[in-house]
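**Q** To start, I am sharing the structure in question, which I have written as structure tokens.
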Amino acid sequence: MTKESLTRPDSPVSPSEFRQSLGNMEASATPVKIILGSSSMPRRKILAEMGYEFSVMAADIDEKSIRKEKPEDLVMAIAEAKAAAIISKLQITDSQLGNVKQTILIVADTVVVYEGVIREKPSSREEARRFIKDYSGGQCATVSSVLVTNLKTGFRKGEWDRVEIQFHEIPDEVIEKLIEEGIVLNVAGGLIIEHSLILPYVKQVVGAMDSVMGLPKAVTEKLIKEAL
């Protein structure tokens, strides 16, 4: 399978630019166009590590308006909403896709589960602080979904992946540095175990680190191959 695209992983693309790229693809006979429907830097990094080049387009949906009791159901529902929003933005016609062999859209979502309660992005510094204090000396889990759509054939399939994480005691000064830095406010559950400040206090990860970071490689590769 050729891993090919027209734009760099760190270069967001507008719907009009994407439609223009389809025309360019027809001229150059590029076999696969991949779109990552996420503005997450970790997800971009992971997909690039997998050897793919791709364009980036954010869904810009209200995730808080989507509610499910089970974390697995929630991450899949949010991924579906992200895919629908991006496809609506693109407004791709059959004629535009006529000479393009494959166009793949990848979307994903992640939540943290602590003591059976779903945690999304912290709403405040205080909530982020409480989240991280809860993890100290304890454990939590991440649930991540991946949804892959072939925009030419209509194929769509999603799966989710769960990872269990155990922590040593996290010093208060480390927590305060994380809060002050602010990155934890932008990630599910305020959890960013790959961060140099928090990584030394990760006791055990049962599952794949890339899944915790938001894009499980094994699931993503499997779904891309099925979509093609």
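Just so we're on the same page: first chain in the structure tokens is A, next is B, and so on; residues restart at 1 for each chain, and ligands are numbered from 1 in the order they show up.
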Select from stretch 61-153 of chain A every residue with an atom at most 9 Å from any atom of stretch 38-48 of chain A, then for each give the shortest pair of atoms and their distance in Å to one decimal, using only C-alpha atoms, rows by chain and rising number, as JSON lines.

**A**
```
{"residue": "A:Lys82", "atom": "CA", "partner": "A:Ser38", "partner_atom": "CA", "distance": 8.7}
{"residue": "A:Ile106", "atom": "CA", "partner": "A:Ser38", "partner_atom": "CA", "distance": 8.3}
{"residue": "A:Val107", "atom": "CA", "partner": "A:Ser38", "partner_atom": "CA", "distance": 6.4}
{"residue": "A:Ala108", "atom": "CA", "partner": "A:Ser38", "partner_atom": "CA", "distance": 7.4}
{"residue": "A:Asp109", "atom": "CA", "partner": "A:Ser38", "partner_atom": "CA", "distance": 8.9}
```

**Q** For A:Ile179, list every protein, DNA or RNA residue within 8 Å, evaluated using only C-alpha atoms, and leave out those in the same chain fewer than 4 positions away; present the list as a list in words.

**A**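 Result of the neighbour search: Arg125, Ala128, Arg129, Ile175, Ile183, Val184 and Leu185 of chain A.
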
**Q** For each of A:Gly51, A:Leu199, A:Ser65, A:Gly190, take the minimum atom-to-atom distance to A:Ile132, counting only C-alpha atoms, then give the residue where this is smallest.

**A** A:Gly190

**Q** What gap, in Å, lies between atom CA of A:Val212 and atom CA of A:Val111?

**A** 9.2 Å

**Q** Would you please work out which residue, of A:Glu53, A:Glu127, A:Glu169, A:Glu221, is nearest to A:Val148 when using only C-alpha atoms?

**A** A:Glu221

**Q** Looking at only C-alpha atoms, which of A:Glu72, A:Asp134, A:Glu194, A:Glu49 is the one that sits closest to A:Ile118?

**A**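 Result for the nearest residue to A:Ile118: A:Glu72.
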
**Q** May I ask which of the residues A:Gly189, A:Ile198, A:Asn150, A:Ser145 is the closest one to A:His168, counting only C-alpha atoms?

**A** A:Ile198

**Q** Using only C-alpha atoms, pick whichever of A:Ile87, A:Leu228, A:Ala141, A:Ile34 has the shortest atom-to-atom distance to A:Gln204.

**A**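 Using only C-alpha atoms, A:Gln204 sits closest to A:Ala141.
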